[in-house]
file entry.txt (compact mmCIF, C-alpha atoms and all ligand atoms)
# COMPACT_ATOMS: atom_id res chain seq x y z
CA MET A 1 93.66 -56.12 89.78
CA VAL A 2 92.84 -53.24 87.42
CA LYS A 3 89.11 -53.20 86.79
CA GLN A 4 87.66 -52.81 83.32
CA THR A 5 85.69 -49.57 83.23
CA GLY A 6 84.76 -49.16 79.58
CA TYR A 7 86.03 -47.39 76.51
CA MET A 8 86.03 -44.04 74.75
CA SER A 9 85.62 -44.01 70.98
CA GLY A 10 87.63 -42.23 68.27
CA PHE A 11 91.07 -42.29 66.64
CA GLY A 12 93.73 -39.75 67.65
CA ASN A 13 91.35 -37.90 69.98
CA GLU A 14 92.29 -35.77 72.98
CA PHE A 15 90.73 -37.92 75.69
CA ALA A 16 90.23 -37.03 79.36
CA THR A 17 89.29 -39.71 81.89
CA GLU A 18 89.43 -40.22 85.66
CA ALA A 19 88.80 -43.28 87.80
CA LEU A 20 88.33 -41.05 90.85
CA ALA A 21 86.23 -37.88 90.52
CA GLY A 22 88.15 -34.63 90.75
CA THR A 23 91.54 -36.10 89.75
CA LEU A 24 92.21 -34.03 86.61
CA PRO A 25 93.39 -30.46 87.22
CA ASP A 26 91.21 -27.81 85.67
CA GLY A 27 92.76 -25.51 83.04
CA ARG A 28 96.37 -26.56 83.68
CA ASN A 29 98.51 -29.72 83.62
CA SER A 30 100.87 -29.39 86.54
CA PRO A 31 99.35 -27.63 89.54
CA GLN A 32 101.48 -27.07 92.63
CA ARG A 33 99.63 -29.89 94.38
CA VAL A 34 97.64 -32.51 92.46
CA ALA A 35 94.26 -33.69 93.80
CA HIS A 36 94.17 -36.80 96.06
CA GLY A 37 97.95 -36.55 96.71
CA LEU A 38 98.84 -37.77 93.22
CA TYR A 39 101.92 -36.98 91.14
CA ALA A 40 101.67 -35.37 87.70
CA GLU A 41 103.79 -36.91 84.92
CA GLN A 42 103.83 -36.24 81.18
CA ILE A 43 104.56 -39.03 78.64
CA SER A 44 105.66 -37.61 75.27
CA GLY A 45 105.23 -39.92 72.29
CA THR A 46 106.50 -37.42 69.72
CA ALA A 47 109.01 -34.57 69.76
CA PHE A 48 107.73 -31.63 71.82
CA THR A 49 107.69 -29.58 68.63
CA ALA A 50 106.04 -32.12 66.29
CA PRO A 51 103.30 -30.49 64.17
CA ARG A 52 99.99 -30.32 66.00
CA ASN A 53 98.33 -33.01 63.84
CA SER A 54 101.08 -35.50 64.64
CA ASN A 55 101.88 -34.47 68.20
CA ARG A 56 101.25 -37.14 70.84
CA ARG A 57 101.52 -36.77 74.60
CA THR A 58 99.55 -37.79 77.66
CA TRP A 59 99.44 -36.27 81.13
CA THR A 60 99.08 -38.85 83.87
CA TYR A 61 98.06 -38.31 87.51
CA ARG A 62 99.51 -41.24 89.38
CA ILE A 63 100.22 -42.67 92.82
CA ARG A 64 104.00 -42.71 92.23
CA PRO A 65 106.17 -41.30 89.43
CA ALA A 66 107.54 -43.78 86.88
CA ALA A 67 111.12 -43.05 88.01
CA MET A 68 110.64 -45.15 91.16
CA HIS A 69 112.11 -48.62 90.64
CA GLY A 70 115.38 -50.51 91.19
CA LYS A 71 118.43 -50.75 88.94
CA PHE A 72 118.12 -52.36 85.52
CA THR A 73 120.00 -55.58 84.73
CA PRO A 74 119.65 -57.75 81.60
CA PHE A 75 116.51 -59.89 81.45
CA THR A 76 117.10 -63.24 79.80
CA GLN A 77 114.64 -63.99 77.02
CA ALA A 78 116.80 -64.90 74.06
CA HIS A 79 113.93 -65.31 71.58
CA PHE A 80 112.66 -61.70 71.63
CA HIS A 81 115.06 -59.15 70.15
CA ASN A 82 115.81 -56.95 67.12
CA ASP A 83 118.98 -58.70 65.90
CA PHE A 84 117.94 -59.03 62.29
CA GLY A 85 121.52 -59.52 61.15
CA GLN A 86 123.76 -57.70 58.70
CA GLY A 87 124.90 -60.53 56.41
CA PRO A 88 123.33 -62.11 53.34
CA VAL A 89 119.57 -62.62 53.43
CA THR A 90 117.78 -65.20 51.29
CA PRO A 91 115.31 -63.93 48.67
CA GLU A 92 113.44 -67.27 48.95
CA GLN A 93 109.71 -67.36 49.65
CA LEU A 94 109.34 -68.38 53.31
CA ARG A 95 106.43 -69.85 55.24
CA TRP A 96 105.87 -71.22 58.73
CA SER A 97 103.20 -73.39 60.35
CA PRO A 98 101.68 -72.08 63.59
CA MET A 99 104.06 -71.91 66.53
CA PRO A 100 103.36 -74.72 69.03
CA MET A 101 101.86 -73.82 72.40
CA PRO A 102 104.51 -73.81 75.18
CA ALA A 103 105.13 -77.01 77.13
CA SER A 104 105.78 -75.19 80.44
CA LYS A 105 104.25 -72.03 81.95
CA VAL A 106 105.14 -69.02 79.80
CA ASP A 107 103.70 -65.51 79.96
CA PHE A 108 103.21 -63.06 77.09
CA ILE A 109 106.72 -61.56 77.33
CA GLU A 110 108.42 -64.93 77.77
CA GLY A 111 106.40 -66.31 74.85
CA LEU A 112 107.52 -63.76 72.24
CA PHE A 113 109.54 -65.22 69.35
CA THR A 114 111.15 -62.87 66.83
CA MET A 115 110.54 -63.81 63.19
CA GLY A 116 112.42 -60.94 61.58
CA GLY A 117 112.37 -57.27 60.83
CA ASN A 118 114.19 -54.30 59.41
CA GLY A 119 115.66 -51.00 60.55
CA SER A 120 116.28 -50.61 64.27
CA PRO A 121 115.10 -48.77 67.34
CA ALA A 122 118.34 -46.76 67.16
CA ALA A 123 117.57 -45.65 63.60
CA GLY A 124 113.99 -44.73 64.54
CA SER A 125 112.59 -46.57 61.53
CA GLY A 126 111.74 -50.12 60.63
CA ILE A 127 109.71 -52.87 62.22
CA GLY A 128 110.13 -56.03 64.30
CA ILE A 129 107.86 -58.97 63.56
CA HIS A 130 107.19 -61.50 66.30
CA LEU A 131 104.92 -64.41 67.09
CA TYR A 132 103.84 -65.19 70.63
CA SER A 133 102.40 -68.23 72.32
CA ALA A 134 101.64 -68.03 76.02
CA ASN A 135 99.75 -69.87 78.73
CA ALA A 136 100.32 -67.82 81.91
CA ASP A 137 99.26 -64.39 83.16
CA MET A 138 101.96 -61.79 83.74
CA SER A 139 101.57 -61.90 87.50
CA GLY A 140 103.80 -59.39 89.26
CA ARG A 141 105.54 -58.58 85.97
CA TYR A 142 105.01 -55.33 84.05
CA PHE A 143 106.48 -54.37 80.70
CA TYR A 144 107.13 -51.35 78.54
CA ASN A 145 108.68 -50.98 75.10
CA ALA A 146 110.88 -47.90 74.67
CA ASP A 147 111.69 -48.98 71.10
CA GLY A 148 108.32 -48.47 69.48
CA GLU A 149 104.59 -49.03 69.57
CA MET A 150 103.30 -52.61 69.50
CA LEU A 151 100.53 -53.76 67.20
CA ILE A 152 99.19 -56.94 68.81
CA VAL A 153 97.12 -59.36 66.73
CA PRO A 154 95.79 -62.32 68.75
CA GLN A 155 94.91 -65.31 66.61
CA GLN A 156 93.71 -67.70 69.32
CA GLY A 157 92.62 -66.91 72.89
CA ARG A 158 91.67 -63.51 74.30
CA LEU A 159 94.09 -61.04 75.85
CA VAL A 160 93.33 -58.72 78.75
CA ILE A 161 95.92 -55.97 78.39
CA CYS A 162 96.07 -53.94 81.61
CA THR A 163 97.86 -50.69 80.80
CA GLU A 164 98.74 -47.58 82.77
CA LEU A 165 95.90 -45.85 80.99
CA GLY A 166 93.24 -48.55 81.38
CA VAL A 167 92.28 -52.06 80.34
CA LEU A 168 91.83 -53.44 76.82
CA GLU A 169 90.02 -56.75 76.36
CA VAL A 170 91.08 -58.05 72.97
CA THR A 171 89.54 -61.06 71.21
CA PRO A 172 90.86 -62.74 68.06
CA GLN A 173 89.82 -60.63 65.03
CA GLU A 174 90.42 -57.53 67.16
CA VAL A 175 93.84 -55.85 67.29
CA ALA A 176 95.43 -53.62 69.94
CA VAL A 177 98.09 -50.93 69.72
CA ILE A 178 100.15 -50.13 72.81
CA PRO A 179 102.06 -46.87 72.36
CA ARG A 180 105.78 -46.57 72.89
CA GLY A 181 106.67 -46.44 76.58
CA ILE A 182 103.26 -47.26 78.04
CA ARG A 183 103.54 -49.86 80.83
CA PHE A 184 101.30 -52.89 80.73
CA LYS A 185 100.77 -56.52 81.65
CA VAL A 186 98.86 -59.19 79.75
CA ASN A 187 96.44 -61.69 81.28
CA LEU A 188 95.01 -64.69 79.45
CA PRO A 189 91.34 -65.32 80.32
CA ASP A 190 91.27 -68.38 78.04
CA ARG A 191 94.47 -69.75 79.69
CA GLU A 192 96.25 -69.95 76.33
CA SER A 193 96.79 -67.41 73.58
CA ARG A 194 98.89 -67.11 70.49
CA GLY A 195 99.21 -64.51 67.77
CA TYR A 196 101.37 -61.90 66.10
CA VAL A 197 103.09 -58.70 67.24
CA CYS A 198 104.53 -55.98 65.02
CA GLU A 199 106.81 -53.45 66.67
CA ASN A 200 106.92 -50.15 64.87
CA PHE A 201 110.16 -48.18 65.36
CA GLY A 202 109.06 -45.43 62.96
CA ALA A 203 106.31 -42.83 62.91
CA PHE A 204 103.25 -43.93 64.90
CA LEU A 205 100.42 -45.74 63.12
CA ARG A 206 97.63 -43.56 61.81
CA LEU A 207 94.56 -43.84 59.64
CA PRO A 208 95.34 -43.52 55.94
CA ASP A 209 93.96 -40.73 53.78
CA LEU A 210 90.95 -41.82 51.75
CA GLY A 211 91.55 -39.90 48.51
CA PRO A 212 88.83 -40.55 45.92
CA ILE A 213 87.12 -43.06 48.25
CA GLY A 214 85.67 -40.00 50.02
CA SER A 215 85.00 -39.22 53.64
CA ASN A 216 83.93 -42.72 54.76
CA GLY A 217 85.23 -46.22 54.30
CA LEU A 218 88.05 -48.55 55.32
CA ALA A 219 88.58 -48.34 59.12
CA GLN A 220 86.26 -45.71 60.60
CA PRO A 221 87.64 -43.49 63.38
CA ARG A 222 84.75 -44.12 65.76
CA ASP A 223 85.40 -47.86 65.80
CA PHE A 224 88.74 -47.37 67.59
CA LEU A 225 88.36 -47.78 71.35
CA THR A 226 90.62 -46.38 74.07
CA PRO A 227 90.17 -47.51 77.68
CA CYS A 228 88.86 -45.28 80.44
CA ALA A 229 91.24 -44.73 83.36
CA SER A 230 91.56 -47.52 85.92
CA TYR A 231 94.37 -48.23 88.37
CA GLU A 232 96.02 -50.68 90.72
CA ASP A 233 97.00 -49.43 94.20
CA GLN A 234 99.23 -52.36 95.11
CA GLU A 235 102.56 -52.90 96.85
CA GLY A 236 104.68 -56.07 96.50
CA ASP A 237 107.84 -57.62 95.08
CA PHE A 238 107.15 -56.91 91.44
CA GLU A 239 109.28 -56.74 88.32
CA LEU A 240 109.47 -54.10 85.61
CA VAL A 241 110.75 -55.39 82.26
CA ALA A 242 111.84 -52.85 79.65
CA LYS A 243 112.61 -53.34 76.00
CA PHE A 244 115.34 -50.84 75.24
CA GLN A 245 117.44 -50.71 72.05
CA GLY A 246 116.47 -54.16 70.94
CA HIS A 247 116.98 -56.09 74.18
CA LEU A 248 115.22 -56.73 77.47
CA TRP A 249 116.10 -55.35 80.89
CA ARG A 250 114.56 -55.91 84.32
CA ALA A 251 114.28 -53.94 87.54
CA ASP A 252 112.65 -54.61 90.89
CA ILE A 253 109.64 -52.44 91.55
CA GLY A 254 107.85 -52.31 94.88
CA HIS A 255 104.46 -51.29 93.57
CA SER A 256 102.26 -51.70 90.54
CA PRO A 257 103.22 -49.13 87.89
CA LEU A 258 99.62 -49.28 86.63
CA ASP A 259 98.79 -46.60 89.18
CA VAL A 260 97.38 -43.82 86.99
CA VAL A 261 94.14 -42.55 88.58
CA GLY A 262 93.33 -40.07 85.81
CA TRP A 263 94.87 -38.94 82.56
CA HIS A 264 94.30 -36.75 79.55
CA GLY A 265 95.98 -36.74 76.17
CA ASN A 266 96.35 -38.52 72.85
CA HIS A 267 99.34 -40.89 73.37
CA VAL A 268 96.98 -43.74 74.14
CA PRO A 269 96.41 -47.47 73.71
CA TYR A 270 93.51 -48.52 71.52
CA LYS A 271 91.81 -51.55 70.03
CA TYR A 272 89.96 -52.10 66.78
CA ASP A 273 87.66 -54.89 65.62
CA LEU A 274 88.81 -55.95 62.14
CA ARG A 275 85.28 -57.18 61.39
CA LYS A 276 84.22 -53.53 61.33
CA PHE A 277 86.55 -52.75 58.41
CA ASN A 278 84.60 -51.37 55.46
CA THR A 279 86.15 -53.36 52.62
CA ILE A 280 86.12 -51.71 49.22
CA GLY A 281 86.75 -53.52 45.93
CA SER A 282 86.24 -53.58 42.20
CA ILE A 283 82.68 -53.89 40.88
CA SER A 284 83.75 -54.05 37.24
CA PHE A 285 86.92 -55.97 36.46
CA ASP A 286 90.43 -56.72 37.76
CA HIS A 287 91.75 -57.37 41.24
CA PRO A 288 92.82 -54.02 42.75
CA ASP A 289 96.08 -53.39 44.58
CA PRO A 290 95.80 -54.42 48.25
CA SER A 291 96.37 -50.81 49.35
CA ILE A 292 92.56 -50.54 49.42
CA PHE A 293 92.67 -52.92 52.41
CA LEU A 294 94.87 -50.59 54.46
CA VAL A 295 93.82 -50.35 58.11
CA LEU A 296 96.72 -48.42 59.67
CA HIS A 297 99.75 -46.74 58.16
CA SER A 298 103.12 -45.68 59.57
CA PRO A 299 104.55 -43.21 57.05
CA SER A 300 108.21 -43.03 56.17
CA ASP A 301 110.00 -39.86 55.13
CA THR A 302 109.05 -40.56 51.48
CA PRO A 303 105.46 -39.53 50.70
CA GLY A 304 103.20 -42.51 49.98
CA VAL A 305 105.77 -45.11 51.07
CA GLY A 306 105.06 -46.96 54.29
CA ASN A 307 107.48 -47.82 57.06
CA LEU A 308 104.65 -50.17 58.05
CA ASP A 309 101.30 -50.78 56.42
CA PHE A 310 98.82 -52.99 58.24
CA VAL A 311 96.49 -54.48 55.64
CA VAL A 312 93.56 -56.81 56.25
CA PHE A 313 91.88 -59.34 53.95
CA GLY A 314 88.48 -59.87 55.56
CA PRO A 315 85.17 -61.26 54.31
CA ARG A 316 84.20 -59.73 50.97
CA ILE A 317 82.22 -60.31 47.80
CA LEU A 318 84.16 -60.66 44.56
CA ALA A 319 82.06 -59.53 41.61
CA MET A 320 84.72 -58.69 39.01
CA GLN A 321 83.84 -60.18 35.63
CA ASP A 322 86.19 -61.89 33.19
CA THR A 323 88.81 -61.55 35.88
CA PHE A 324 91.23 -63.82 37.65
CA ARG A 325 89.74 -63.01 41.06
CA PRO A 326 92.33 -64.12 43.68
CA PRO A 327 95.54 -62.12 44.19
CA TRP A 328 97.56 -62.15 40.98
CA PHE A 329 101.12 -63.33 40.52
CA HIS A 330 103.33 -60.41 41.46
CA ARG A 331 106.67 -59.03 42.55
CA ASN A 332 106.70 -55.94 44.75
CA ILE A 333 109.20 -53.30 45.74
CA ALA A 334 107.71 -53.59 49.23
CA SER A 335 108.28 -56.62 51.46
CA GLU A 336 105.38 -58.59 52.86
CA CYS A 337 104.77 -60.65 55.97
CA MET A 338 101.35 -62.29 56.04
CA GLY A 339 99.43 -63.97 58.83
CA LEU A 340 96.07 -65.69 59.08
CA ILE A 341 93.74 -65.09 62.01
CA HIS A 342 90.69 -67.02 60.90
CA GLY A 343 89.52 -69.32 58.11
CA ALA A 344 91.36 -69.65 54.80
CA TYR A 345 93.13 -67.16 52.52
CA ASP A 346 91.91 -66.97 48.93
CA ALA A 347 95.38 -67.15 47.33
CA LYS A 348 96.41 -70.37 49.07
CA ALA A 349 94.44 -73.62 48.84
CA GLU A 350 96.53 -75.32 51.53
CA GLY A 351 99.48 -74.94 53.87
CA PHE A 352 98.70 -71.42 55.11
CA ALA A 353 97.08 -72.20 58.46
CA PRO A 354 95.61 -69.83 61.07
CA GLY A 355 98.56 -68.87 63.27
CA GLY A 356 101.06 -69.46 60.47
CA CYS A 357 102.92 -66.78 58.57
CA SER A 358 104.81 -66.12 55.35
CA ILE A 359 107.47 -63.68 54.17
CA HIS A 360 107.75 -62.57 50.54
CA ASN A 361 110.53 -60.05 50.28
CA CYS A 362 111.31 -57.28 47.79
CA MET A 363 110.94 -58.51 44.16
CA THR A 364 110.46 -62.15 45.18
CA GLY A 365 107.84 -63.71 42.91
CA HIS A 366 104.73 -65.09 44.61
CA GLY A 367 100.97 -65.36 44.24
CA PRO A 368 98.30 -68.05 44.06
CA ASP A 369 99.41 -71.64 44.55
CA ALA A 370 98.92 -74.10 41.69
CA ALA A 371 95.59 -75.45 43.00
CA THR A 372 94.16 -71.93 43.42
CA PHE A 373 95.36 -70.89 39.96
CA GLU A 374 93.70 -73.85 38.24
CA LYS A 375 90.41 -73.38 40.11
CA ALA A 376 90.15 -69.59 39.66
CA SER A 377 91.08 -69.79 35.96
CA GLN A 378 88.04 -72.00 35.35
CA ALA A 379 85.56 -70.32 37.73
CA ASP A 380 82.30 -68.73 36.49
CA THR A 381 82.84 -64.96 36.88
CA THR A 382 79.30 -64.03 35.85
CA LYS A 383 78.27 -64.80 39.45
CA PRO A 384 79.73 -63.29 42.63
CA ASP A 385 81.98 -65.23 45.00
CA TYR A 386 81.13 -64.82 48.67
CA ILE A 387 84.33 -65.06 50.70
CA ARG A 388 82.82 -65.43 54.15
CA ASP A 389 85.00 -67.08 56.75
CA THR A 390 88.36 -65.39 56.50
CA MET A 391 90.64 -62.89 58.20
CA ALA A 392 94.15 -62.67 56.81
CA PHE A 393 96.47 -59.71 57.25
CA MET A 394 99.77 -58.32 56.04
CA PHE A 395 102.54 -56.33 57.68
CA GLU A 396 104.03 -54.59 54.65
CA SER A 397 107.21 -52.55 54.79
CA ARG A 398 109.31 -50.48 52.41
CA HIS A 399 112.45 -52.30 53.60
CA VAL A 400 113.39 -55.97 53.31
CA ILE A 401 112.17 -58.12 56.20
CA ARG A 402 115.25 -59.96 57.37
CA PRO A 403 114.23 -63.29 58.92
CA SER A 404 115.89 -64.07 62.24
CA GLN A 405 118.23 -67.06 62.45
CA GLN A 406 115.85 -68.77 64.90
CA ALA A 407 112.99 -68.35 62.40
CA MET A 408 115.09 -69.89 59.62
CA ASP A 409 116.05 -72.79 61.92
CA ALA A 410 112.59 -73.27 63.50
CA ALA A 411 110.99 -76.71 63.39
CA HIS A 412 107.71 -75.07 62.27
CA ARG A 413 109.30 -73.58 59.14
CA GLN A 414 107.90 -75.15 55.96
CA ALA A 415 111.17 -75.92 54.20
CA GLU A 416 109.37 -77.07 51.02
CA TYR A 417 107.01 -74.07 50.73
CA ILE A 418 108.14 -73.18 47.19
CA GLU A 419 106.72 -76.52 45.99
CA CYS A 420 103.24 -74.92 46.09
CA TRP A 421 104.08 -73.31 42.72
CA ALA A 422 105.89 -76.31 41.24
CA GLY A 423 102.70 -77.80 39.81
CA LEU A 424 101.81 -74.77 37.65
CA GLU A 425 101.38 -76.20 34.16
CA LYS A 426 102.80 -74.77 30.98
CA HIS A 427 99.69 -73.75 28.99
CA PHE A 428 101.44 -71.79 26.23
CA LYS A 429 100.22 -72.67 22.73
CA PRO A 430 101.77 -70.24 20.22
CA ALA A 431 99.52 -71.39 17.37
O1 LIG B 501 100.82 -61.75 48.44
C1 LIG B 501 99.70 -61.66 48.93
O2 LIG B 501 98.91 -62.60 48.99
C2 LIG B 501 99.20 -60.30 49.40
C3 LIG B 501 98.62 -59.55 48.27
C4 LIG B 501 97.28 -59.62 48.03
C5 LIG B 501 96.73 -58.98 46.94
O3 LIG B 501 95.41 -59.02 46.78
C6 LIG B 501 97.54 -58.31 46.06
C7 LIG B 501 98.90 -58.22 46.30
C8 LIG B 501 99.44 -58.84 47.41
O4 LIG B 501 100.74 -58.76 47.69
FE FE B 502 102.10 -60.26 47.84
call {"tool": "encode", "arguments": {"input": "entry.txt", "output": "structure tokens", "more": "lines below"}}
Ligand SMILES: O=C(O)Cc1cc(O)ccc1O
Ligand SMILES: [Fe+2]
result
Amino acid sequence: MVKQTGYMSGFGNEFATEALAGTLPDGRNSPQRVAHGLYAEQISGTAFTAPRNSNRRTWTYRIRPAAMHGKFTPFTQAHFHNDFGQGPVTPEQLRWSPMPMPASKVDFIEGLFTMGGNGSPAAGSGIGIHLYSANADMSGRYFYNADGEMLIVPQQGRLVICTELGVLEVTPQEVAVIPRGIRFKVNLPDRESRGYVCENFGAFLRLPDLGPIGSNGLAQPRDFLTPCASYEDQEGDFELVAKFQGHLWRADIGHSPLDVVGWHGNHVPYKYDLRKFNTIGSISFDHPDPSIFLVLHSPSDTPGVGNLDFVVFGPRILAMQDTFRPPWFHRNIASECMGLIHGAYDAKAEGFAPGGCSIHNCMTGHGPDAATFEKASQADTTKPDYIRDTMAFMFESRHVIRPSQQAMDAAHRQAEYIECWAGLEKHFKPA
């Protein structure tokens, strides 16, 4: 079992950490013989020649190189994939209730259920959106995703994510990012967990620029935590599962691949507590665009346009006067997938439950439901509203989120979702 040994703070830092003193070579990466009889191995997360400020790689010093495992054969888990389809896609507003907990024993990888996505691992852009519900540890099973980094958002039940580079303990309202290629397993200390996963096939997530906000605000770099090195020195009949080009593969492996005794670099897993987000809003009038709630951003090749934007709607005080305070009615060029981690969301009076999700695609009209509209239109805006118990989020993407067939067919899909706007009254009085 990999032991938790603490965290290092900062976003995008060059970290250096060793679980055994004297592991890291001094002044070089690949000495002729590594200390303690370890192997040196580099993991490159970006092109060798990527500009310095977006170059990611980590040097690992490990018991065995990652090349040591059996042959890959397909791994059957039909619900987790990137087959978002090529045919017609409905522009309808879509919403789902929380996914039920599994009836039999299911681990994190077995419990992943693809909701939709865009682009592809082959194209090197786009995202995959998944829900998971799981009730078993990954015992003897290890996983890596060659297709992209994984943003993991537990909604219920903690996750202990044991990675090659150390252990992340993640509670609901915290999120974790596992970089492309990093091997890990997930244990469930609360026996059950469910939540959301966004795979990012494009440029890695980074902190957004702050522009006129200034040098502080939104997610602060020091609140991102990367684990210190810790390792398993274990032999056994284990399994390595790989996600490669949209599908899963398995290979026998005779040892734990979480065998990195020391490492240095910046291609690293991290976690972030969403409750630490410094939310900024209007203190005069109008509801600002939700870009001010941006936590992490994966840029596309068009400046200012996100391959993936991770946006969070946490507790906040609404003070705008003579303003319709909840999110307005809108249609966006971007496509939106929302989830709810805790409490209620201020645009939806009912039906959007913690663990549920919605998709509002490019130019599809949406906004407050009828009950929310009526209430907020009458509210006293001379006094502030304290929105306390809430944590909603959005995966927003420049490209249409194509729902998977299994998501469209799922029993937990709310087929009558659009009825939440049916009760909006006609108030028009031309005189
Ligand atoms: O649709 C939503 O609820 C998300 C959202 C929130 C907001 O405050 C403004 C725009 C937007 O898309
Ligand atoms: Fe929206």
call {"tool": "axis_aligned_box", "arguments": {"input": "entry.txt", "around": "ligand LIG 501 (chain B)", "padding_each_side": "5 Å", "output": "lines of an AutoDock Vina configuration file"}}
result
center_x = 98.1
center_y = -60.4
center_z = 47.7
size_x = 15.4
size_y = 14.4
size_z = 13.3
call {"tool": "residues_around", "arguments": {"input": "entry.txt", "residues": "Ala349 (chain A)", "least_positions_apart": "4", "cutoff": "10 Å", "atoms": "all atoms listed in the file", "output": "ChimeraX atom specification"}}
result
/A:344-345,368-373,375,420
call {"tool": "residues_near_point", "arguments": {"input": "entry.txt", "point": "(109.1, -48.1, 57.7)", "cutoff": "7 Å", "atoms": "all atoms listed in the file", "output": "list in words"}}
result
Ser125, Gly126, Ile127, Gly202, Ser298, Pro299, Ser300, Gly306, Asn307, Leu308, Ser397, Arg398 and His399 of chain A
call {"tool": "closest_residue", "arguments": {"input": "entry.txt", "among": "A:Lys71, A:Ala40, A:Met8, A:Glu350", "to": "Glu239 (chain A)", "atoms": "only C-alpha atoms"}}
result
A:Lys71
call {"tool": "closest_residue", "arguments": {"input": "entry.txt", "among": "A:Gly304, A:Gly211, A:Pro51, A:Gly367", "to": "Pro326 (chain A)", "atoms": "all atoms listed in the file"}}
result
A:Gly367
call {"tool": "atom_distance", "arguments": {"input": "entry.txt", "atom1": "CA of Leu38 (chain A)", "atom2": "CA of Pro25 (chain A)"}}
result
10.9 Å
call {"tool": "residues_near_ligand", "arguments": {"input": "entry.txt", "ligand": "ligand FE 502 (chain B)", "cutoff": "12 Å", "atoms": "only C-alpha atoms and all ligand atoms", "output": "CSV table (one decimal) with C-alpha atoms, keeping the file's coordinate frame"}}
result
chain,number,residue,atom,x,y,z
A,93,GLN,CA,109.7,-67.4,49.6
A,289,ASP,CA,96.1,-53.4,44.6
A,290,PRO,CA,95.8,-54.4,48.2
A,291,SER,CA,96.4,-50.8,49.4
A,311,VAL,CA,96.5,-54.5,55.6
A,313,PHE,CA,91.9,-59.3,54.0
A,326,PRO,CA,92.3,-64.1,43.7
A,327,PRO,CA,95.5,-62.1,44.2
A,328,TRP,CA,97.6,-62.2,41.0
A,329,PHE,CA,101.1,-63.3,40.5
A,330,HIS,CA,103.3,-60.4,41.5
A,331,ARG,CA,106.7,-59.0,42.6
A,332,ASN,CA,106.7,-55.9,44.8
A,333,ILE,CA,109.2,-53.3,45.7
A,334,ALA,CA,107.7,-53.6,49.2
A,335,SER,CA,108.3,-56.6,51.5
A,336,GLU,CA,105.4,-58.6,52.9
A,337,CYS,CA,104.8,-60.6,56.0
A,338,MET,CA,101.4,-62.3,56.0
A,339,GLY,CA,99.4,-64.0,58.8
A,347,ALA,CA,95.4,-67.2,47.3
A,348,LYS,CA,96.4,-70.4,49.1
A,358,SER,CA,104.8,-66.1,55.4
A,359,ILE,CA,107.5,-63.7,54.2
A,360,HIS,CA,107.8,-62.6,50.5
A,361,ASN,CA,110.5,-60.0,50.3
A,362,CYS,CA,111.3,-57.3,47.8
A,363,MET,CA,110.9,-58.5,44.2
A,364,THR,CA,110.5,-62.2,45.2
A,365,GLY,CA,107.8,-63.7,42.9
A,366,HIS,CA,104.7,-65.1,44.6
A,367,GLY,CA,101.0,-65.4,44.2
A,368,PRO,CA,98.3,-68.0,44.1
A,393,PHE,CA,96.5,-59.7,57.2
A,394,MET,CA,99.8,-58.3,56.0
A,395,PHE,CA,102.5,-56.3,57.7
A,396,GLU,CA,104.0,-54.6,54.6
A,397,SER,CA,107.2,-52.6,54.8
